[in-house]
Every structure is written in structure tokens, then in C-alpha cells.
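J.: Structure incoming, see below.
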Amino acid sequence: MKLAVIGCGYVGLVSGACLAEAGHEVIATDNDASKIAALQAGEIPIYEPNLDTVIETVVREGRLQFTANGGEAVRDSDVVFICVGTPPTDSGDADLSAIDSVARMIAQESKSSKLVIEKSTVPAQTGEQLKRALQVYATNPGAKFCVASNPEFLREGTAVKDFFHPDRIVIGVEDEESERQLREIYAPILAGRFRCPVHEPNCPPATTPDFVVTTINSAELIKHASNSFLGLKISYANVLADLCERLGGNVDEVTRAVGLDPRIGGQFLKAGLGFGGFCLPKDIQAFIKLADRAGVDFGLLKEVERVNKQRVDLLLDKLKKALWVMKGKKIGVLGIAFKPNTDDIRLAPAIEVIRRLLAEGCIVRATDPEAMARARTVFPDLAYSADPYEVSLGADALLVLTEWEQFRRLDWKRVRHEMARPLLIDGRNMLRPEEMKALGFEYISFGRPDKPPAEHAR
Ligand code: UGA
């Protein structure tokens with residue numbers, strides 16, 4: 001089947017490349033011509049593990065092409081995936097202007113009927129608006145449009161693995177033909193008919209993911225509801241961490257035991273600096289707005305947002321309490337990306353921490369294995385180093401803001417000796433308090449006491 005992918009952000013690139021690997025002919029386009037030129041030259045504009053391998057293979061084999069000509073992509077395909085951004089507006093609503101202009105382009109360029117699929121994260125009822133827009137903008141009476149929703153659940157940093165090995169595939173459709181086409185598109189993924197770059201030579205045995213067919217409104221709601229629930233779990237764990245600090249518990253012990261209940265589950269209960277990135281914070285904000293407009297008070301999610309925003313304050317309070325005076329202090333920052341294995345710094349808690357440190361008059365030096373180039377666009381004058389030991393040199397405090405594996409494996413004894421004062425604030429609860437104390441650090445994390453957790457709890 002011939003597929004067009006509109007929008008070469010990480011969802012568009014990963015979906016397009018993986019669907020090409022699964023045997024489809026894919027033509028991907030973006031209104032940023034320089035991005036397309038880079039992709040045509042073999043450059044991948046984002047850091048995403050395994051994506052380069054997949055793109056390189058499918059481009060070489062002629063199943064994935066890039067074009068700056070959106071009309072060409074649309075005319076040559078049977079199915080169009082809309083993967084453009086839906087950033088927040090000032091009011092917190094999702095900005096759907098890119099979806100609207102893509103709808104106009106699809107409607108005007110189509111010479112034959114198409115299935116148009118929303119993959120971008122959009123509020124419920126967008127599918128209805130999209131359908132109406134396609135009809136209104138259509139210029140060719142021979143072109144009829146069906147609309148479907150196919151929300152994406154992949155995570156940055158493991159996006160290729162998540163695409164090939166999903167927990168579930170959700171499609172929101174309103175007719176049988178759209179369902180049939182989507183089943184055909186995903187059949188190779190469900191049957192394991194692709195070369196997986198993550199698990200060579202063979203993928204481990206796994207259960208077949210659920211293929212969930214719903215209405216379009218439900219599919220749209222499922223996406224916002226999933227991301228919001230993940231944020232809710234994280235904020236819950238973070239409040240537990242605060243309680244542990246006051247009452248003398250250990251949040252690692254508490255969340256581990258709580259998560260062993262399969263009704264709760266252990267994932268997304270890691271306490272620390274809170275969630276960032278361009279998905280959870282903006283989707284929660286948009287979901288709250290959507291609920292408000294529908295006359296439903298989603299106060300529960302407002303609280304999730306409030307707790308999350310407070311995490312940066314709490315980290316800075318811990319730092320201030322330890323340093324007393326902030327002005328002129330040298331602070332080393334380990335990690336800028338919103339999470340490991342990505343170069344994405346959008347709404348990363350580390351960005352807010354750095355901004356506030358600079359406002360306090362601190363002298364900041366930062367490192368990140370992948371995100372420094374993007375960070376330079378936000379803080380061009382900040383001192384950066386690729387070497388974490390250099391970042392530690394002469395520092396009055398070191399902050400762990402992203403839990404990259406490279407940081408876990410540092411020679412922490414050496415780090416301690418490089419520092420002017422061995423104050424280590426672990427915003428991601430990445431290191432073991434007892435080990436860091438034994439090395440001579442003043443070690444501070446979230447919700448964990450000085451003494452090691454009980455032996456049986458490890
Ligand atoms: C999230 C969802 O997990 C995906 O399912 C979804 O497809 C994606 O948004 C999207 O809408 O496109 P992502 O933003 O890549 O994926 O990152 P997550 O792995 O969800 O992490 C989000 C943030 O939560 C990170 O800042 C991470 O450090 C933080 N986090 C995560 C915690 O603070 N504690 C945890 O226990 C887990």
C-alpha cells in the first residue's frame with residue numbers, strides 16, 4: 001500500500017520508516033524544506049536509537065522517499081498519515097493550525113479518494129473537524145475522504161522498539177473499509193514481518209498486541225487519557241517522596257511494593273524532578289482545557305500539573321538550603337534532555353533549573369551526551385563540556401537532572417575529588433545514597449533517607 005506521511009518530526013519519521021520496513025511504500029514530506037534536504041542527504045534530524053539503521057535500509061531499498069513537495073506525496077498515495085505538531089497555544093489548548101493547513105493541502109491536491117489518518121495527538125472531536133475541513137476545501141469531485149484516528153504511544157528514546165513491539169494498536173474508524181486498510185497496514189507489525197534493529201537476529205517471544213478498534217472520538221480520548229494517567233502516576237510518586245522525607249520512609253521501597261500490585265503496576269512511579277518533554281505536560285494541559293470546555297472539572301489533572309511544576313522549586317530549595325548563598329557559586333549540571341536516550345529538551349525540567357540558576361547568579365557548566373547542541377540554542381552563552389569530569393571541576397555542587405546511563409557509570413570517586421565541595425543533588429534518584437555517602441559526598445535526592453533500604457527490598 002502507498003502511504004504518505006506528512007510531518008517529519010519524531011512520530012512521522014519513526015512511523016514512516018518502520019511502516020516502510022514493514023513492506024509499505026512510504027513518501028514522507030514536511031513543510032520545512034531544509035529538514036527534507038537534510039533527510040535526502042542521509043542526515044537524521046533527531047537522535048533516536050536505531051532510527052538511522054531503519055531509515056538507511058528502507059531508503060536504500062527504495063521503500064522510503066522524502067520530498068518537500070507535499071502535493072506530490074499526497075497524489076502518489078492511498079493513505080495519508082498526518083503527523084504534524086500540535087503545540088500548546090498561550091491558553092494551553094492544542095494549536096490545530098498545522099492540521100488545518102495540511103487538510104487544505106490534502107483536499108486540494110488529491111485527485112483520487114484517500115484515507116486520512118490523524119496520528120498527531122489531537123483533542124477529541126478533531127476527527128469531525130478534519131472531515132468537515134477536507135470536504136470544504138476539496139476541489140476535485142472525484143476525490144472522497146475517509147478519516148481515521150491512529151494515536152501513537154511510542155516513547156522518545158525507545159520509539160523504534162515501541163513501534164515494532166507495541167502493547168496495543170488503537171484505531172478509531174467510522175467505516176469498514178478504513179478498518180480493513182488499517183488492518184492491512186499493521187498486519188506485518190502484528191505478524192512480526194520486519195527486520196527488527198533492536199533485537200538482532202530475532203525478537204524475543206511476545207504476545208501479539210491488542211488491535212483495538214473504536215470510534216474516532218474514543219481513539220482521540222484514549223491518547224490524552226493515557227498520557228495524562230502516566231503523568232498522574234509520576235506526580236503521585238513524587239508526593240509520596242515528599243511524604244517519605246517528612247515521615248522517614250524510603251520512596252523506592254514504597255513505590256516498589258505499591259507497584260507490585262498488578263492493578264497499579266510498577267512503571268512510571270519513579271520519583272524525582274518530575275516529567276517533561278513535549279508530550280506529557282502539553283497533553284495534560286490540553287486535556288484539562290478540553291474537559292473545561294466540555295463542562296467537566298478535571299481538578300485531578302490540575303493537581304498533577306501543580307505537583308509536577310513544584311518539583312523544580314523543591315530541587316532548588318534543597319540546593320539553596322545546602323549552599324546558603326547561591327550567587328557566584330559554581331554549579332555543574334549533568335543532563336539537559338528531558339529524559340535519557342534523546343536530544344529533546346522541550347519542556348525539560350533541566351532547562352527550567354538552569355534558567356533559575358542563572359537568574360540567581362550561579363556560574364553554570366553543563367553536559368549531556370546528546371542534547372548540548374539543542375541546549376546551545378536556548379542558552380548560547382552557557383559553558384558546556386562533553387566531559388562530565390570537567391563539569392565537576394571546581395564545582396560547589398553537582399546536579400543530576402537526567403538519568404543517562406553514562407552518568408551512572410562515572411568514576412564517582414574521581415568526580416568527588418574534582419569538586420570544590422562534594423555536594424551532589426540527584427534529581428532523578430539515579431544513584432545509591434549509601435554508596436555516595438561512603439565516597440564522601442553530601443548526597444541529597446528525593447524521598448530517600450541516608451540509610452540503605454532494607455535488604456529484602458532491593
Ligand atoms: C510519552 C508517553 O510515555 C508515550 O506513550 C507517548 O506516545 C508519548 O509521550 C507521546 O505522546 O508522543 P515520552 O514523552 O517520550 O512518551 O516520555 P516518557 O517516557 O513518558 O517520559 C516522560 C517524562 O516523565 C520524562 O521527563 C521522564 O523523566 C519522566 N518520568 C517517567 C518520571 O519522572 N518518572 C517515571 O517514573 C517515568
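Labeling convention for the C-alpha cells: chains A, B, ... as they appear, residues from 1 per chain, ligands from 1 in order of appearance.
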Enumerate as number ranges by chain all residues of stretch 65-145 of chain A assigned to strand (DSSP E) by DSSP on the backbone, naming them with the chain letters and numbers the document uses.
T.: A: 65-67, 79-82, 114-118, 145
J.: Considering only C-alpha atoms and all ligand atoms, tabulate each residue of chain A that lies at most 9 Å from ligand 1 along with its nearest interatomic pair and the corresponding distance in Å to one decimal; arrange the rows by chain and ascending residue number and present them as JSON lines.
T.:
{"residue": "A:Tyr10", "atom": "CA", "partner": "ligand 1", "partner_atom_place_in_ligand_line": "12 (O)", "distance": 8.6}
{"residue": "A:Val11", "atom": "CA", "partner": "ligand 1", "partner_atom_place_in_ligand_line": "12 (O)", "distance": 7.1}
{"residue": "A:Ser120", "atom": "CA", "partner": "ligand 1", "partner_atom_place_in_ligand_line": "12 (O)", "distance": 8.5}
{"residue": "A:Thr121", "atom": "CA", "partner": "ligand 1", "partner_atom_place_in_ligand_line": "11 (O)", "distance": 6.8}
{"residue": "A:Pro151", "atom": "CA", "partner": "ligand 1", "partner_atom_place_in_ligand_line": "7 (O)", "distance": 8.0}
{"residue": "A:Glu152", "atom": "CA", "partner": "ligand 1", "partner_atom_place_in_ligand_line": "7 (O)", "distance": 5.2}
{"residue": "A:Phe153", "atom": "CA", "partner": "ligand 1", "partner_atom_place_in_ligand_line": "7 (O)", "distance": 3.0}
{"residue": "A:Leu154", "atom": "CA", "partner": "ligand 1", "partner_atom_place_in_ligand_line": "7 (O)", "distance": 3.9}
{"residue": "A:Arg155", "atom": "CA", "partner": "ligand 1", "partner_atom_place_in_ligand_line": "15 (O)", "distance": 3.4}
{"residue": "A:Glu156", "atom": "CA", "partner": "ligand 1", "partner_atom_place_in_ligand_line": "15 (O)", "distance": 3.6}
{"residue": "A:Gly157", "atom": "CA", "partner": "ligand 1", "partner_atom_place_in_ligand_line": "15 (O)", "distance": 6.7}
{"residue": "A:Thr158", "atom": "CA", "partner": "ligand 1", "partner_atom_place_in_ligand_line": "15 (O)", "distance": 7.9}
{"residue": "A:Ala159", "atom": "CA", "partner": "ligand 1", "partner_atom_place_in_ligand_line": "15 (O)", "distance": 7.7}
{"residue": "A:Asp162", "atom": "CA", "partner": "ligand 1", "partner_atom_place_in_ligand_line": "5 (O)", "distance": 8.8}
{"residue": "A:Lys223", "atom": "CA", "partner": "ligand 1", "partner_atom_place_in_ligand_line": "11 (O)", "distance": 7.3}
{"residue": "A:His224", "atom": "CA", "partner": "ligand 1", "partner_atom_place_in_ligand_line": "11 (O)", "distance": 8.0}
{"residue": "A:Ser226", "atom": "CA", "partner": "ligand 1", "partner_atom_place_in_ligand_line": "5 (O)", "distance": 7.3}
{"residue": "A:Asn227", "atom": "CA", "partner": "ligand 1", "partner_atom_place_in_ligand_line": "2 (C)", "distance": 5.7}
{"residue": "A:Leu230", "atom": "CA", "partner": "ligand 1", "partner_atom_place_in_ligand_line": "3 (O)", "distance": 7.0}
{"residue": "A:Gly231", "atom": "CA", "partner": "ligand 1", "partner_atom_place_in_ligand_line": "24 (O)", "distance": 7.0}
{"residue": "A:Lys233", "atom": "CA", "partner": "ligand 1", "partner_atom_place_in_ligand_line": "36 (O)", "distance": 7.6}
{"residue": "A:Ile234", "atom": "CA", "partner": "ligand 1", "partner_atom_place_in_ligand_line": "34 (N)", "distance": 5.2}
{"residue": "A:Ser235", "atom": "CA", "partner": "ligand 1", "partner_atom_place_in_ligand_line": "33 (O)", "distance": 8.1}
{"residue": "A:Ala237", "atom": "CA", "partner": "ligand 1", "partner_atom_place_in_ligand_line": "36 (O)", "distance": 7.8}
{"residue": "A:Asn238", "atom": "CA", "partner": "ligand 1", "partner_atom_place_in_ligand_line": "33 (O)", "distance": 8.3}
{"residue": "A:Gly266", "atom": "CA", "partner": "ligand 1", "partner_atom_place_in_ligand_line": "36 (O)", "distance": 8.5}
{"residue": "A:Gln267", "atom": "CA", "partner": "ligand 1", "partner_atom_place_in_ligand_line": "36 (O)", "distance": 5.9}
{"residue": "A:Phe268", "atom": "CA", "partner": "ligand 1", "partner_atom_place_in_ligand_line": "36 (O)", "distance": 3.0}
{"residue": "A:Leu269", "atom": "CA", "partner": "ligand 1", "partner_atom_place_in_ligand_line": "36 (O)", "distance": 4.1}
{"residue": "A:Lys270", "atom": "CA", "partner": "ligand 1", "partner_atom_place_in_ligand_line": "36 (O)", "distance": 3.4}
{"residue": "A:Ala271", "atom": "CA", "partner": "ligand 1", "partner_atom_place_in_ligand_line": "34 (N)", "distance": 5.7}
{"residue": "A:Gly272", "atom": "CA", "partner": "ligand 1", "partner_atom_place_in_ligand_line": "33 (O)", "distance": 6.1}
{"residue": "A:Leu273", "atom": "CA", "partner": "ligand 1", "partner_atom_place_in_ligand_line": "33 (O)", "distance": 6.3}
{"residue": "A:Gly274", "atom": "CA", "partner": "ligand 1", "partner_atom_place_in_ligand_line": "33 (O)", "distance": 4.1}
{"residue": "A:Phe275", "atom": "CA", "partner": "ligand 1", "partner_atom_place_in_ligand_line": "24 (O)", "distance": 3.5}
{"residue": "A:Gly276", "atom": "CA", "partner": "ligand 1", "partner_atom_place_in_ligand_line": "26 (O)", "distance": 3.9}
{"residue": "A:Gly277", "atom": "CA", "partner": "ligand 1", "partner_atom_place_in_ligand_line": "14 (O)", "distance": 5.1}
{"residue": "A:Phe278", "atom": "CA", "partner": "ligand 1", "partner_atom_place_in_ligand_line": "14 (O)", "distance": 6.1}
{"residue": "A:Cys279", "atom": "CA", "partner": "ligand 1", "partner_atom_place_in_ligand_line": "11 (O)", "distance": 4.4}
{"residue": "A:Leu280", "atom": "CA", "partner": "ligand 1", "partner_atom_place_in_ligand_line": "9 (O)", "distance": 5.5}
{"residue": "A:Pro281", "atom": "CA", "partner": "ligand 1", "partner_atom_place_in_ligand_line": "23 (C)", "distance": 8.5}
{"residue": "A:Asp283", "atom": "CA", "partner": "ligand 1", "partner_atom_place_in_ligand_line": "11 (O)", "distance": 7.4}
{"residue": "A:Asn308", "atom": "CA", "partner": "ligand 1", "partner_atom_place_in_ligand_line": "33 (O)", "distance": 8.9}
{"residue": "A:Ala337", "atom": "CA", "partner": "ligand 1", "partner_atom_place_in_ligand_line": "26 (O)", "distance": 8.3}
{"residue": "A:Phe338", "atom": "CA", "partner": "ligand 1", "partner_atom_place_in_ligand_line": "26 (O)", "distance": 4.6}
{"residue": "A:Lys339", "atom": "CA", "partner": "ligand 1", "partner_atom_place_in_ligand_line": "28 (O)", "distance": 4.5}
{"residue": "A:Pro340", "atom": "CA", "partner": "ligand 1", "partner_atom_place_in_ligand_line": "28 (O)", "distance": 7.6}
{"residue": "A:Thr342", "atom": "CA", "partner": "ligand 1", "partner_atom_place_in_ligand_line": "15 (O)", "distance": 8.7}
{"residue": "A:Leu347", "atom": "CA", "partner": "ligand 1", "partner_atom_place_in_ligand_line": "26 (O)", "distance": 8.5}
{"residue": "A:Ala348", "atom": "CA", "partner": "ligand 1", "partner_atom_place_in_ligand_line": "26 (O)", "distance": 6.6}
{"residue": "A:Pro349", "atom": "CA", "partner": "ligand 1", "partner_atom_place_in_ligand_line": "26 (O)", "distance": 7.4}
{"residue": "A:Thr402", "atom": "CA", "partner": "ligand 1", "partner_atom_place_in_ligand_line": "28 (O)", "distance": 7.1}
{"residue": "A:Glu403", "atom": "CA", "partner": "ligand 1", "partner_atom_place_in_ligand_line": "28 (O)", "distance": 7.9}
{"residue": "A:Arg428", "atom": "CA", "partner": "ligand 1", "partner_atom_place_in_ligand_line": "33 (O)", "distance": 7.5}
J.: Emit the selected residues as a compact mmCIF listing (two decimals), in the first residue's frame, including N, CA and C atoms.
T.:
# COMPACT_ATOMS: atom_id res chain seq x y z
N TYR A 10 9.47 13.39 15.20
CA TYR A 10 9.88 12.03 15.55
C TYR A 10 8.77 11.01 15.31
N VAL A 11 7.50 11.40 15.49
CA VAL A 11 6.41 10.43 15.24
C VAL A 11 6.34 10.11 13.74
N SER A 120 -1.09 12.66 14.75
CA SER A 120 -0.77 13.73 15.70
C SER A 120 -1.70 13.59 16.90
N THR A 121 -1.21 14.01 18.07
CA THR A 121 -2.08 13.97 19.25
C THR A 121 -3.05 15.15 19.17
N PRO A 151 -3.81 6.89 17.18
CA PRO A 151 -2.86 7.53 18.10
C PRO A 151 -1.60 6.70 18.27
N GLU A 152 -0.52 7.44 18.54
CA GLU A 152 0.79 6.80 18.66
C GLU A 152 1.20 6.78 20.13
N PHE A 153 1.70 5.64 20.59
CA PHE A 153 2.07 5.55 22.01
C PHE A 153 3.58 5.40 22.20
N LEU A 154 4.34 5.65 21.14
CA LEU A 154 5.78 5.41 21.29
C LEU A 154 6.44 6.49 22.14
N ARG A 155 7.50 6.05 22.81
CA ARG A 155 8.25 6.95 23.70
C ARG A 155 9.54 7.36 23.03
N GLU A 156 9.92 8.61 23.18
CA GLU A 156 11.21 9.04 22.66
C GLU A 156 12.29 8.23 23.37
N GLY A 157 13.31 7.90 22.63
CA GLY A 157 14.41 7.12 23.21
C GLY A 157 14.24 5.63 22.97
N THR A 158 12.98 5.17 22.87
CA THR A 158 12.73 3.75 22.56
C THR A 158 11.66 3.67 21.47
N ALA A 159 11.59 4.71 20.64
CA ALA A 159 10.47 4.83 19.70
C ALA A 159 10.44 3.70 18.66
N ASP A 162 9.30 0.57 20.36
CA ASP A 162 7.87 0.68 20.68
C ASP A 162 7.00 0.52 19.43
N LYS A 223 -5.70 8.54 23.68
CA LYS A 223 -4.34 9.09 23.69
C LYS A 223 -4.15 10.09 24.84
N HIS A 224 -5.04 11.06 24.95
CA HIS A 224 -4.92 12.04 26.04
C HIS A 224 -5.07 11.37 27.40
N SER A 226 -4.30 8.32 28.21
CA SER A 226 -3.11 7.51 28.54
C SER A 226 -1.99 8.40 29.05
N ASN A 227 -1.66 9.44 28.29
CA ASN A 227 -0.56 10.31 28.72
C ASN A 227 -0.87 10.98 30.06
N LEU A 230 -0.31 8.59 32.91
CA LEU A 230 1.12 8.40 33.19
C LEU A 230 1.64 9.56 34.05
N GLY A 231 1.22 10.78 33.69
CA GLY A 231 1.62 11.95 34.48
C GLY A 231 1.09 11.87 35.90
N LYS A 233 0.49 9.17 37.61
CA LYS A 233 1.29 8.20 38.39
C LYS A 233 2.58 8.86 38.88
N ILE A 234 3.23 9.62 37.99
CA ILE A 234 4.51 10.24 38.37
C ILE A 234 4.28 11.25 39.50
N SER A 235 3.25 12.09 39.35
CA SER A 235 3.01 13.09 40.41
C SER A 235 2.66 12.40 41.72
N ALA A 237 3.78 9.51 42.76
CA ALA A 237 5.05 9.02 43.33
C ALA A 237 5.84 10.19 43.92
N ASN A 238 5.75 11.35 43.28
CA ASN A 238 6.50 12.50 43.78
C ASN A 238 5.95 13.01 45.11
N GLY A 266 4.27 -1.23 38.34
CA GLY A 266 5.46 -0.55 38.87
C GLY A 266 6.02 0.55 37.98
N GLN A 267 5.56 0.66 36.74
CA GLN A 267 6.17 1.67 35.87
C GLN A 267 5.61 3.07 36.14
N PHE A 268 6.44 4.05 35.83
CA PHE A 268 6.04 5.46 35.99
C PHE A 268 5.75 5.83 37.45
N LEU A 269 6.47 5.18 38.35
CA LEU A 269 6.38 5.55 39.77
C LEU A 269 7.75 6.00 40.26
N LYS A 270 8.58 6.48 39.34
CA LYS A 270 9.92 6.92 39.74
C LYS A 270 9.85 8.39 40.15
N ALA A 271 10.20 8.60 41.42
CA ALA A 271 10.11 9.97 41.96
C ALA A 271 11.36 10.77 41.59
N GLY A 272 11.24 12.08 41.64
CA GLY A 272 12.38 12.95 41.36
C GLY A 272 11.94 14.31 40.87
N LEU A 273 12.57 14.73 39.79
CA LEU A 273 12.38 16.08 39.27
C LEU A 273 11.10 16.25 38.46
N GLY A 274 10.42 15.13 38.20
CA GLY A 274 9.13 15.23 37.51
C GLY A 274 9.24 15.05 36.01
N PHE A 275 8.06 15.10 35.36
CA PHE A 275 8.03 14.80 33.93
C PHE A 275 8.18 16.07 33.09
N GLY A 276 8.82 15.88 31.93
CA GLY A 276 8.96 16.95 30.96
C GLY A 276 8.72 16.38 29.58
N GLY A 277 9.28 17.05 28.58
CA GLY A 277 9.09 16.58 27.20
C GLY A 277 7.90 17.27 26.57
N PHE A 278 7.70 16.98 25.30
CA PHE A 278 6.68 17.70 24.57
C PHE A 278 5.35 16.96 24.56
N CYS A 279 5.26 15.88 25.32
CA CYS A 279 4.02 15.09 25.26
C CYS A 279 3.23 15.20 26.57
N LEU A 280 3.79 14.64 27.66
CA LEU A 280 3.01 14.60 28.89
C LEU A 280 2.55 15.99 29.34
N PRO A 281 3.46 16.98 29.50
CA PRO A 281 2.99 18.28 30.02
C PRO A 281 1.95 18.92 29.10
N ASP A 283 0.02 17.51 26.76
CA ASP A 283 -1.22 16.75 26.61
C ASP A 283 -2.11 16.89 27.86
N ASN A 308 3.76 18.63 39.57
CA ASN A 308 4.91 18.49 38.68
C ASN A 308 5.71 19.80 38.58
N ALA A 337 18.62 16.88 28.58
CA ALA A 337 17.46 16.29 27.87
C ALA A 337 16.35 15.95 28.87
N PHE A 338 15.10 15.90 28.40
CA PHE A 338 14.00 15.66 29.34
C PHE A 338 13.99 14.24 29.88
N LYS A 339 14.73 13.36 29.19
CA LYS A 339 14.94 12.01 29.70
C LYS A 339 16.12 11.42 28.93
N PRO A 340 16.66 10.28 29.37
CA PRO A 340 17.83 9.74 28.67
C PRO A 340 17.49 9.23 27.27
N THR A 342 17.64 10.65 24.37
CA THR A 342 17.04 11.58 23.42
C THR A 342 17.83 12.88 23.49
N LEU A 347 10.45 21.45 27.11
CA LEU A 347 9.85 21.38 28.44
C LEU A 347 10.62 20.46 29.39
N ALA A 348 11.94 20.38 29.16
CA ALA A 348 12.77 19.56 30.05
C ALA A 348 12.92 20.29 31.38
N PRO A 349 12.72 19.59 32.51
CA PRO A 349 12.90 20.26 33.80
C PRO A 349 14.29 20.90 33.92
N THR A 402 19.23 14.45 34.43
CA THR A 402 18.76 13.41 33.50
C THR A 402 19.54 12.14 33.82
N GLU A 403 18.83 11.02 33.90
CA GLU A 403 19.49 9.79 34.36
C GLU A 403 20.10 9.00 33.20
N ARG A 428 17.15 12.71 39.97
CA ARG A 428 16.49 11.56 39.33
C ARG A 428 16.60 10.29 40.17
J.: Skip A:Ala241 itself and residues of its chain fewer than 5 positions away, then list as a list in words all residues within 9 Å of it, counting only C-alpha atoms.
T.: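 Listed by chain and then number, they are Tyr236, Arg246, Gly249, Asn250, Val251, Asp252, Val254, Ala271, Gly272, Phe446, Gly447 and Arg448 of chain A.
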J.: Write a file of the just-selected residues containing N, CA and C atoms, as a PDB file, in the first residue's frame.
T.:
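Final file, part29.pdb:
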ATOM      1  N   TYR A 236       1.942  11.300  41.644  1.00  0.00           N
ATOM      2  CA  TYR A 236       1.590  10.549  42.852  1.00  0.00           C
ATOM      3  C   TYR A 236       2.869  10.065  43.554  1.00  0.00           C
ATOM      4  N   ARG A 246       9.310  13.611  55.018  1.00  0.00           N
ATOM      5  CA  ARG A 246       8.791  14.125  56.298  1.00  0.00           C
ATOM      6  C   ARG A 246       8.642  13.023  57.334  1.00  0.00           C
ATOM      7  N   GLY A 249      10.189   7.545  55.576  1.00  0.00           N
ATOM      8  CA  GLY A 249      10.126   6.339  54.729  1.00  0.00           C
ATOM      9  C   GLY A 249      11.122   6.439  53.592  1.00  0.00           C
ATOM     10  N   ASN A 250      11.165   5.399  52.781  1.00  0.00           N
ATOM     11  CA  ASN A 250      12.031   5.398  51.600  1.00  0.00           C
ATOM     12  C   ASN A 250      11.132   5.206  50.376  1.00  0.00           C
ATOM     13  N   VAL A 251      11.092   6.210  49.513  1.00  0.00           N
ATOM     14  CA  VAL A 251      10.142   6.168  48.389  1.00  0.00           C
ATOM     15  C   VAL A 251      10.417   4.994  47.446  1.00  0.00           C
ATOM     16  N   ASP A 252      11.676   4.580  47.353  1.00  0.00           N
ATOM     17  CA  ASP A 252      11.980   3.425  46.483  1.00  0.00           C
ATOM     18  C   ASP A 252      11.288   2.176  47.023  1.00  0.00           C
ATOM     19  N   VAL A 254       8.664   2.108  49.009  1.00  0.00           N
ATOM     20  CA  VAL A 254       7.194   2.276  48.970  1.00  0.00           C
ATOM     21  C   VAL A 254       6.666   2.056  47.558  1.00  0.00           C
ATOM     22  N   ALA A 271      10.198   8.603  41.421  1.00  0.00           N
ATOM     23  CA  ALA A 271      10.114   9.971  41.957  1.00  0.00           C
ATOM     24  C   ALA A 271      11.356  10.772  41.588  1.00  0.00           C
ATOM     25  N   GLY A 272      11.236  12.082  41.638  1.00  0.00           N
ATOM     26  CA  GLY A 272      12.379  12.949  41.359  1.00  0.00           C
ATOM     27  C   GLY A 272      11.940  14.307  40.871  1.00  0.00           C
ATOM     28  N   PHE A 446      15.516  12.580  46.346  1.00  0.00           N
ATOM     29  CA  PHE A 446      14.105  12.822  46.686  1.00  0.00           C
ATOM     30  C   PHE A 446      13.506  11.625  47.428  1.00  0.00           C
ATOM     31  N   GLY A 447      13.083  11.840  48.675  1.00  0.00           N
ATOM     32  CA  GLY A 447      12.319  10.816  49.393  1.00  0.00           C
ATOM     33  C   GLY A 447      13.107   9.600  49.822  1.00  0.00           C
ATOM     34  N   ARG A 448      14.445   9.775  49.951  1.00  0.00           N
ATOM     35  CA  ARG A 448      15.243   8.617  50.357  1.00  0.00           C
ATOM     36  C   ARG A 448      16.113   8.993  51.547  1.00  0.00           C
TER      37      ARG A 448
END
J.: Could you tell me which of A:Val173, A:Val391, A:Ala148, A:Leu290 comes closest to A:Leu221 if we count only C-alpha atoms?
T.: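 Of A:Val173, A:Val391, A:Ala148, A:Leu290, the one nearest A:Leu221 is A:Leu290, counting only C-alpha atoms.
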J.: Which of these residues is nearest to A:Ile288, using only C-alpha atoms: A:Leu319, A:Ala225, A:Leu13, A:Ile425?
T.: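 The shortest atom-to-atom distance to A:Ile288 comes from A:Ala225.
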J.: Per residue of stretch 195-240 of chain A within 12 Å of stretch 40-58 of chain A, record the nearest atom pair and its distance in Å to one decimal, counting only C-alpha atoms, with rows in chain order and ascending residue number, as CSV.
T.:
residue,atom,partner,partner_atom,distance
A:Arg195,CA,A:Val54,CA,8.7
A:Cys196,CA,A:Val54,CA,8.5
A:Pro197,CA,A:Asn50,CA,6.3
A:Val198,CA,A:Asn50,CA,6.8
A:His199,CA,A:Asn50,CA,10.5
A:Glu200,CA,A:Asn50,CA,11.6
J.: Deliver the residues from the most recent selection as a file, using N, CA and C atoms, as a PDB file, in the first residue's frame.
T.:
ATOM      1  N   ARG A 195      12.425  -6.531   9.809  1.00  0.00           N
ATOM      2  CA  ARG A 195      13.755  -6.787  10.372  1.00  0.00           C
ATOM      3  C   ARG A 195      13.926  -5.829  11.547  1.00  0.00           C
ATOM      4  N   CYS A 196      13.932  -6.388  12.731  1.00  0.00           N
ATOM      5  CA  CYS A 196      13.965  -5.534  13.922  1.00  0.00           C
ATOM      6  C   CYS A 196      15.412  -5.159  14.249  1.00  0.00           C
ATOM      7  N   PRO A 197      15.750  -3.865  14.235  1.00  0.00           N
ATOM      8  CA  PRO A 197      17.133  -3.497  14.526  1.00  0.00           C
ATOM      9  C   PRO A 197      17.452  -3.563  16.017  1.00  0.00           C
ATOM     10  N   VAL A 198      16.395  -3.692  16.824  1.00  0.00           N
ATOM     11  CA  VAL A 198      16.594  -3.668  18.282  1.00  0.00           C
ATOM     12  C   VAL A 198      17.014  -5.042  18.779  1.00  0.00           C
ATOM     13  N   HIS A 199      16.398  -6.080  18.217  1.00  0.00           N
ATOM     14  CA  HIS A 199      16.679  -7.437  18.685  1.00  0.00           C
ATOM     15  C   HIS A 199      17.253  -8.267  17.546  1.00  0.00           C
ATOM     16  N   GLU A 200      18.536  -8.114  17.289  1.00  0.00           N
ATOM     17  CA  GLU A 200      19.095  -8.949  16.223  1.00  0.00           C
ATOM     18  C   GLU A 200      19.678 -10.214  16.839  1.00  0.00           C
TER      19      GLU A 200
END
